[in-house]
$ cat protein.csv   # CSV, C-alpha atoms
chain,number,residue,atom,x,y,z
A,22,MET,CA,-27.6,1.9,-40.4
A,23,SER,CA,-25.6,3.2,-43.4
A,24,VAL,CA,-23.1,6.0,-43.3
A,25,SER,CA,-25.4,8.3,-45.3
A,26,SER,CA,-28.2,7.6,-42.9
A,27,ARG,CA,-26.0,8.5,-40.0
A,28,VAL,CA,-25.2,11.8,-41.6
A,29,ARG,CA,-28.8,12.5,-42.2
A,30,ARG,CA,-29.7,11.7,-38.6
A,31,SER,CA,-26.5,13.0,-37.0
A,32,GLY,CA,-27.8,16.3,-35.5
A,33,GLY,CA,-28.6,14.9,-32.1
A,34,LEU,CA,-27.0,18.0,-30.8
A,35,LEU,CA,-29.7,19.2,-28.5
A,36,GLY,CA,-32.0,16.3,-28.4
A,37,LEU,CA,-34.0,17.7,-31.3
A,38,SER,CA,-36.7,16.1,-33.3
A,39,ALA,CA,-35.6,13.7,-36.1
A,40,ALA,CA,-36.8,16.2,-38.7
A,41,ALA,CA,-34.7,19.0,-37.3
A,42,LEU,CA,-31.6,16.8,-37.4
A,43,LEU,CA,-31.6,16.1,-41.1
A,44,VAL,CA,-29.0,18.8,-41.5
A,45,ALA,CA,-25.5,19.4,-42.8
A,46,GLY,CA,-23.4,22.6,-43.1
A,47,CYS,CA,-24.5,26.3,-42.6
A,48,THR,CA,-23.8,29.9,-41.7
A,49,VAL,CA,-25.3,32.6,-39.6
A,50,ASN,CA,-26.5,36.2,-39.8
A,51,GLY,CA,-24.6,38.9,-38.1
A,52,PRO,CA,-21.1,40.4,-37.8
A,53,ASP,CA,-18.0,39.1,-36.2
A,54,PRO,CA,-17.0,36.2,-38.5
A,55,VAL,CA,-14.5,33.8,-37.0
A,56,PRO,CA,-10.9,34.6,-38.2
A,57,ALA,CA,-10.2,31.1,-39.2
A,58,GLY,CA,-7.8,31.6,-42.0
A,59,GLU,CA,-8.5,31.7,-45.7
A,60,SER,CA,-11.4,29.7,-47.1
A,61,THR,CA,-11.1,29.8,-50.8
A,62,PRO,CA,-13.7,28.2,-53.0
A,63,VAL,CA,-12.2,25.9,-55.7
A,64,GLY,CA,-15.4,24.8,-57.5
A,65,GLU,CA,-17.9,22.1,-57.2
A,66,THR,CA,-17.0,18.5,-56.4
A,67,SER,CA,-18.0,15.1,-57.6
A,68,ALA,CA,-17.7,11.8,-55.9
A,69,GLU,CA,-14.2,11.4,-57.4
A,70,THR,CA,-12.9,14.8,-56.1
A,71,ALA,CA,-9.2,14.8,-55.2
A,72,PHE,CA,-8.5,17.1,-52.2
A,73,PRO,CA,-5.2,19.1,-51.9
A,74,GLU,CA,-2.3,17.8,-50.0
A,75,ARG,CA,-2.7,18.5,-46.3
A,76,PRO,CA,-0.3,21.1,-44.8
A,77,ALA,CA,-0.2,19.0,-41.6
A,78,GLU,CA,-1.8,16.0,-39.8
A,79,LEU,CA,-4.1,17.3,-37.1
A,80,PRO,CA,-4.5,15.3,-33.9
A,81,VAL,CA,-8.1,14.2,-34.2
A,82,ALA,CA,-7.9,10.4,-34.4
A,83,GLY,CA,-9.6,8.7,-31.5
A,84,ALA,CA,-10.8,11.9,-30.0
A,85,GLN,CA,-13.6,11.5,-27.4
A,86,ASP,CA,-16.4,13.9,-26.8
A,87,ALA,CA,-14.8,15.7,-23.9
A,88,GLU,CA,-11.7,16.4,-25.9
A,89,ILE,CA,-13.6,17.6,-28.9
A,90,CYS,CA,-15.4,20.1,-26.6
A,91,THR,CA,-12.0,21.8,-26.1
A,92,TRP,CA,-11.5,22.5,-29.8
A,93,LEU,CA,-13.2,25.8,-29.7
A,94,THR,CA,-11.7,28.4,-27.4
A,95,GLY,CA,-13.7,30.8,-25.3
A,96,GLN,CA,-12.9,33.6,-27.8
A,97,GLN,CA,-13.9,31.5,-30.8
A,98,MET,CA,-17.2,30.6,-29.1
A,99,THR,CA,-17.9,34.3,-28.5
A,100,GLN,CA,-17.1,35.0,-32.2
A,101,LEU,CA,-19.4,32.2,-33.3
A,102,LYS,CA,-22.1,33.3,-30.8
A,103,VAL,CA,-22.4,29.8,-29.3
A,104,ALA,CA,-22.3,28.5,-25.7
A,105,ARG,CA,-22.7,25.5,-23.5
A,106,PRO,CA,-20.5,22.8,-25.1
A,107,SER,CA,-21.6,19.3,-24.3
A,108,PRO,CA,-21.2,15.8,-25.8
A,109,VAL,CA,-23.4,15.1,-28.8
A,110,ILE,CA,-26.4,12.9,-28.0
A,111,LYS,CA,-25.9,9.5,-29.5
A,112,ASN,CA,-28.3,6.8,-30.7
A,113,GLY,CA,-25.6,4.2,-31.3
A,114,ASN,CA,-24.7,5.4,-34.7
A,115,ASN,CA,-23.3,8.9,-34.3
A,116,TYR,CA,-19.7,9.9,-34.4
A,117,ASN,CA,-17.9,11.3,-31.3
A,118,GLY,CA,-18.4,15.0,-31.1
A,119,CYS,CA,-19.4,18.1,-29.2
A,120,GLY,CA,-22.5,20.3,-29.6
A,121,TYR,CA,-23.0,24.0,-28.9
A,122,SER,CA,-26.2,26.0,-28.5
A,123,SER,CA,-26.8,29.5,-29.9
A,124,ASP,CA,-26.0,32.2,-27.3
A,125,GLY,CA,-29.5,33.7,-28.0
A,126,THR,CA,-28.2,36.6,-30.2
A,127,TRP,CA,-28.9,35.0,-33.6
A,128,ALA,CA,-31.0,32.1,-34.9
A,129,ASN,CA,-32.5,29.2,-33.0
A,130,ALA,CA,-29.8,26.8,-34.0
A,131,GLY,CA,-27.0,24.6,-32.9
A,132,VAL,CA,-23.4,24.0,-34.0
A,133,SER,CA,-21.6,20.7,-33.6
A,134,LEU,CA,-18.2,19.3,-34.3
A,135,ARG,CA,-17.5,15.6,-34.9
A,136,VAL,CA,-14.7,13.3,-36.0
A,137,VAL,CA,-15.4,10.8,-38.8
A,138,PRO,CA,-12.8,8.0,-38.9
A,139,GLU,CA,-12.8,7.9,-42.7
A,140,PRO,CA,-10.9,9.7,-45.4
A,141,LEU,CA,-12.9,12.6,-46.8
A,142,ASP,CA,-12.6,11.5,-50.4
A,143,VAL,CA,-14.2,8.1,-49.4
A,144,PHE,CA,-16.7,9.6,-47.1
A,145,ALA,CA,-17.8,12.2,-49.7
A,146,THR,CA,-19.0,9.4,-52.0
A,147,LYS,CA,-21.5,8.3,-49.3
A,148,LEU,CA,-23.2,11.7,-48.7
A,149,ASN,CA,-26.7,12.4,-49.9
A,150,SER,CA,-25.8,15.9,-51.1
A,151,SER,CA,-27.7,18.6,-52.8
A,152,GLU,CA,-25.8,19.2,-56.0
A,153,VAL,CA,-26.9,22.9,-55.8
A,154,SER,CA,-24.9,23.7,-52.6
A,155,ARG,CA,-22.2,21.0,-52.7
A,156,LYS,CA,-18.8,22.5,-53.3
A,157,THR,CA,-15.1,22.2,-52.4
A,158,PHE,CA,-12.8,24.8,-50.9
A,159,GLU,CA,-9.9,25.1,-48.5
A,160,ILE,CA,-9.7,26.0,-44.9
A,161,ASN,CA,-6.2,27.0,-43.8
A,162,GLY,CA,-4.8,24.9,-46.6
A,163,PHE,CA,-6.9,21.8,-45.8
A,164,GLY,CA,-9.3,20.5,-48.4
A,165,ALA,CA,-13.0,20.9,-47.4
A,166,LEU,CA,-16.4,20.0,-48.7
A,167,GLN,CA,-19.6,21.8,-48.1
A,168,SER,CA,-22.8,19.7,-48.2
A,169,GLN,CA,-26.5,20.0,-47.6
A,170,ILE,CA,-28.9,17.0,-47.6
A,171,ALA,CA,-30.8,16.8,-50.8
A,172,GLY,CA,-34.4,17.7,-50.1
A,173,ALA,CA,-33.6,19.0,-46.6
A,174,GLU,CA,-31.5,22.0,-47.4
A,175,ARG,CA,-33.5,24.4,-45.3
A,176,LEU,CA,-32.7,22.5,-42.1
A,177,GLY,CA,-28.9,23.1,-42.1
A,178,CYS,CA,-25.5,22.7,-43.7
A,179,SER,CA,-22.3,20.7,-43.0
A,180,VAL,CA,-18.6,21.2,-43.8
A,181,PHE,CA,-16.2,18.3,-43.9
A,182,VAL,CA,-12.5,18.9,-43.6
A,183,ASP,CA,-9.6,16.5,-44.6
A,184,VAL,CA,-7.6,17.0,-41.4
A,185,ALA,CA,-5.5,13.8,-41.2
A,186,GLN,CA,-5.0,10.5,-43.0
A,187,GLY,CA,-8.2,8.5,-42.6
A,188,GLN,CA,-9.8,11.3,-40.5
A,189,THR,CA,-12.4,13.9,-41.4
A,190,LEU,CA,-13.5,16.8,-39.2
A,191,TYR,CA,-17.3,17.3,-39.5
A,192,ALA,CA,-18.8,20.7,-38.6
A,193,GLU,CA,-22.6,21.1,-38.8
A,194,LEU,CA,-25.1,23.9,-38.4
A,195,SER,CA,-28.6,22.6,-37.4
A,196,LEU,CA,-31.4,25.1,-37.8
A,197,LEU,CA,-34.2,24.5,-35.3
A,198,SER,CA,-36.6,27.2,-36.5
A,199,VAL,CA,-36.9,26.9,-40.3
A,200,GLY,CA,-36.6,30.2,-42.2
A,201,GLU,CA,-34.4,32.1,-39.7
A,202,MET,CA,-31.4,31.6,-41.9
A,203,ASP,CA,-31.0,31.1,-45.7
A,204,ASN,CA,-28.7,28.4,-47.2
A,205,GLU,CA,-25.8,30.7,-47.7
A,206,GLN,CA,-25.9,31.9,-44.1
A,207,MET,CA,-26.1,28.4,-42.7
A,208,CYS,CA,-23.2,27.1,-44.8
A,209,GLU,CA,-21.1,30.2,-43.9
A,210,LYS,CA,-21.7,29.5,-40.2
A,211,ALA,CA,-20.7,25.8,-40.6
A,212,ALA,CA,-17.5,26.9,-42.4
A,213,GLN,CA,-16.7,29.4,-39.6
A,214,ALA,CA,-17.1,26.6,-37.0
A,215,ALA,CA,-14.9,24.3,-39.1
A,216,GLY,CA,-12.3,27.0,-39.6
A,217,ALA,CA,-12.2,27.8,-35.9
A,218,ALA,CA,-11.7,24.2,-35.0
A,219,VAL,CA,-8.9,23.7,-37.5
A,220,THR,CA,-7.2,26.9,-36.3
A,221,SER,CA,-7.4,25.6,-32.7
A,222,LEU,CA,-6.1,22.2,-33.6
A,223,GLN,CA,-3.2,23.7,-35.5
A,224,ALA,CA,-2.3,25.8,-32.5
A,225,LYS,CA,-2.3,22.6,-30.3
A,226,GLY,CA,0.3,21.1,-32.7
$ encode --input "protein.csv" --output "structure tokens"
Amino acid sequence: MSVSSRVRRSGGLLGLSAAALLVAGCTVNGPDPVPAGESTPVGETSAETAFPERPAELPVAGAQDAEICTWLTGQQMTQLKVARPSPVIKNGNNYNGCGYSSDGTWANAGVSLRVVPEPLDVFATKLNSSEVSRKTFEINGFGALQSQIAGAERLGCSVFVDVAQGQTLYAELSLLSVGEMDNEQMCEKAAQAAGAAVTSLQAKG
């Protein structure tokens, strides 16, 4: 299976249907955004986008599911309104990661964190992105890319962060009940999750 297919089918977060998993990057309704540092839009990206120099190398290489499930603190989970971290469900093609369910106070959705063992500038060329929502920005000084799957934008949103040489942090919001969140909200939520994980990893050193 190709990398782009893995991304399209990567939402095995809660054992959902294949249709519900065709997601990448989102945001959520409600207050209490995660204080994850500055996220400054820097415009749209193309396959040849050059991301800014990383302020540090975050320790994500080789991380297994259980470790990834420690990347959101209890306080961050409360701010994101998620609960019950557990290893992502794999079909043999998914990346290592951790999934979180909604705590029941917002949409019927899930958030997941994964590690892609590829540089973001290379991985970005393989994404089946909607050009309308695809854009680059920064999270705590790290280059990031927002992406939704072309034709399946209403199902979720993903944010990919250039956290280390040859390593990409992948945060995803998967919407399980279509229409409960709009595209902007879904992508905002995914960016919040990515920012929280980056902040936590920076604190770990």
$ residues_around --input "protein.csv" --residues "region 185-196 of chain A" --least-positions-apart "4" --cutoff "8 Å" --atoms "all atoms listed in the file" --output "VMD selection string"
chain A and resid 32 41 to 42 44 to 48 75 77 to 82 128 to 141 175 to 181 201 to 202 207 to 208 210 to 212 214 to 215
$ closest_residue --input "protein.csv" --among "A:Lys111, A:Pro106, A:Glu205, A:Tyr116" --to "Ser154 (chain A)" --atoms "all atoms listed in the file"
A:Glu205
$ atom_distance --input "protein.csv" --atom1 "CA of Leu222 (chain A)" --atom2 "CA of Trp92 (chain A)"
6.6 Å
$ closest_residue --input "protein.csv" --among "A:Gly216, A:Gly113, A:Gly226, A:Gly83" --to "Gly164 (chain A)" --atoms "all atoms listed in the file"
A:Gly216
$ closest_residue --input "protein.csv" --among "A:Thr126, A:Ala104, A:Ser168, A:Tyr121" --to "Phe144 (chain A)" --atoms "only C-alpha atoms"
A:Ser168
$ atom_distance --input "protein.csv" --atom1 "CA of Pro73 (chain A)" --atom2 "CA of Leu93 (chain A)"
24.5 Å
$ closest_residue --input "protein.csv" --among "A:Val219, A:Leu166, A:Glu74, A:Gly172" --to "Thr146 (chain A)" --atoms "all atoms listed in the file"
A:Leu166
$ atom_distance --input "protein.csv" --atom1 "CA of Gln223 (chain A)" --atom2 "CA of Phe72 (chain A)"
18.7 Å
$ decode --input "protein.csv" --residues "region 92-116 of chain A" --atoms "N, CA, C and O atoms" --output "short mmCIF file (atom, residue, chain, number, x, y, z; two decimals), in the first residue's frame"
data_model
loop_
_atom_site.label_atom_id
_atom_site.label_comp_id
_atom_site.auth_asym_id
_atom_site.auth_seq_id
_atom_site.Cartn_x
_atom_site.Cartn_y
_atom_site.Cartn_z
N TRP A 92 2.76 11.62 25.46
CA TRP A 92 3.13 12.93 24.92
C TRP A 92 2.10 14.02 25.20
O TRP A 92 2.40 15.20 25.00
N LEU A 93 0.91 13.66 25.63
CA LEU A 93 -0.04 14.65 26.10
C LEU A 93 -0.19 14.48 27.61
O LEU A 93 -0.48 13.39 28.09
N THR A 94 0.05 15.55 28.34
CA THR A 94 -0.12 15.49 29.79
C THR A 94 -1.60 15.49 30.15
O THR A 94 -2.46 15.77 29.31
N GLY A 95 -1.88 15.19 31.41
CA GLY A 95 -3.26 15.21 31.86
C GLY A 95 -3.90 16.58 31.66
O GLY A 95 -5.07 16.68 31.25
N GLN A 96 -3.14 17.63 31.94
CA GLN A 96 -3.65 18.98 31.76
C GLN A 96 -3.94 19.27 30.29
O GLN A 96 -4.97 19.86 29.95
N GLN A 97 -3.04 18.84 29.43
CA GLN A 97 -3.25 19.06 27.99
C GLN A 97 -4.47 18.29 27.49
O GLN A 97 -5.25 18.79 26.68
N MET A 98 -4.65 17.07 27.98
CA MET A 98 -5.83 16.29 27.59
C MET A 98 -7.11 17.00 28.03
O MET A 98 -8.10 17.04 27.29
N THR A 99 -7.09 17.57 29.22
CA THR A 99 -8.25 18.32 29.70
C THR A 99 -8.53 19.52 28.81
O THR A 99 -9.68 19.80 28.46
N GLN A 100 -7.48 20.23 28.44
CA GLN A 100 -7.64 21.40 27.57
C GLN A 100 -8.14 21.02 26.19
O GLN A 100 -8.95 21.73 25.58
N LEU A 101 -7.67 19.88 25.69
CA LEU A 101 -8.11 19.40 24.38
C LEU A 101 -9.48 18.71 24.44
O LEU A 101 -10.06 18.41 23.39
N LYS A 102 -9.94 18.43 25.65
CA LYS A 102 -11.21 17.74 25.87
C LYS A 102 -11.20 16.33 25.27
O LYS A 102 -12.14 15.90 24.59
N VAL A 103 -10.09 15.61 25.53
CA VAL A 103 -9.98 14.22 25.09
C VAL A 103 -9.64 13.34 26.28
O VAL A 103 -9.21 13.83 27.33
N ALA A 104 -9.81 12.04 26.10
CA ALA A 104 -9.58 11.09 27.19
C ALA A 104 -9.23 9.73 26.61
O ALA A 104 -9.23 9.52 25.41
N ARG A 105 -8.91 8.82 27.51
CA ARG A 105 -8.69 7.41 27.19
C ARG A 105 -7.64 7.17 26.11
O ARG A 105 -7.93 6.59 25.04
N PRO A 106 -6.39 7.58 26.34
CA PRO A 106 -5.34 7.30 25.35
C PRO A 106 -5.12 5.80 25.19
O PRO A 106 -5.11 5.06 26.16
N SER A 107 -4.95 5.37 23.95
CA SER A 107 -4.68 3.96 23.69
C SER A 107 -3.96 3.83 22.36
O SER A 107 -4.07 4.70 21.49
N PRO A 108 -3.17 2.77 22.17
CA PRO A 108 -2.44 2.59 20.91
C PRO A 108 -3.39 2.63 19.72
O PRO A 108 -4.52 2.13 19.80
N VAL A 109 -2.94 3.21 18.63
CA VAL A 109 -3.78 3.23 17.43
C VAL A 109 -3.96 1.80 16.92
O VAL A 109 -3.07 0.96 17.04
N ILE A 110 -5.13 1.56 16.37
CA ILE A 110 -5.41 0.25 15.78
C ILE A 110 -4.70 0.18 14.44
O ILE A 110 -4.79 1.08 13.62
N LYS A 111 -3.96 -0.88 14.21
CA LYS A 111 -3.15 -0.99 13.00
C LYS A 111 -3.68 -2.09 12.08
O LYS A 111 -4.22 -3.10 12.54
N ASN A 112 -3.50 -1.88 10.79
CA ASN A 112 -3.86 -2.90 9.81
C ASN A 112 -2.62 -3.38 9.06
O ASN A 112 -2.71 -3.95 7.99
N GLY A 113 -1.44 -3.10 9.64
CA GLY A 113 -0.20 -3.50 9.02
C GLY A 113 0.48 -2.39 8.25
O GLY A 113 1.63 -2.52 7.85
N ASN A 114 -0.23 -1.28 8.08
CA ASN A 114 0.32 -0.17 7.31
C ASN A 114 0.41 1.14 8.09
O ASN A 114 1.01 2.10 7.62
N ASN A 115 -0.21 1.21 9.25
CA ASN A 115 -0.23 2.46 9.99
C ASN A 115 1.07 2.72 10.72
O ASN A 115 1.81 1.80 11.07
N TYR A 116 1.31 3.98 11.00
CA TYR A 116 2.48 4.38 11.77
C TYR A 116 2.20 4.21 13.26
O TYR A 116 1.05 4.21 13.70
#
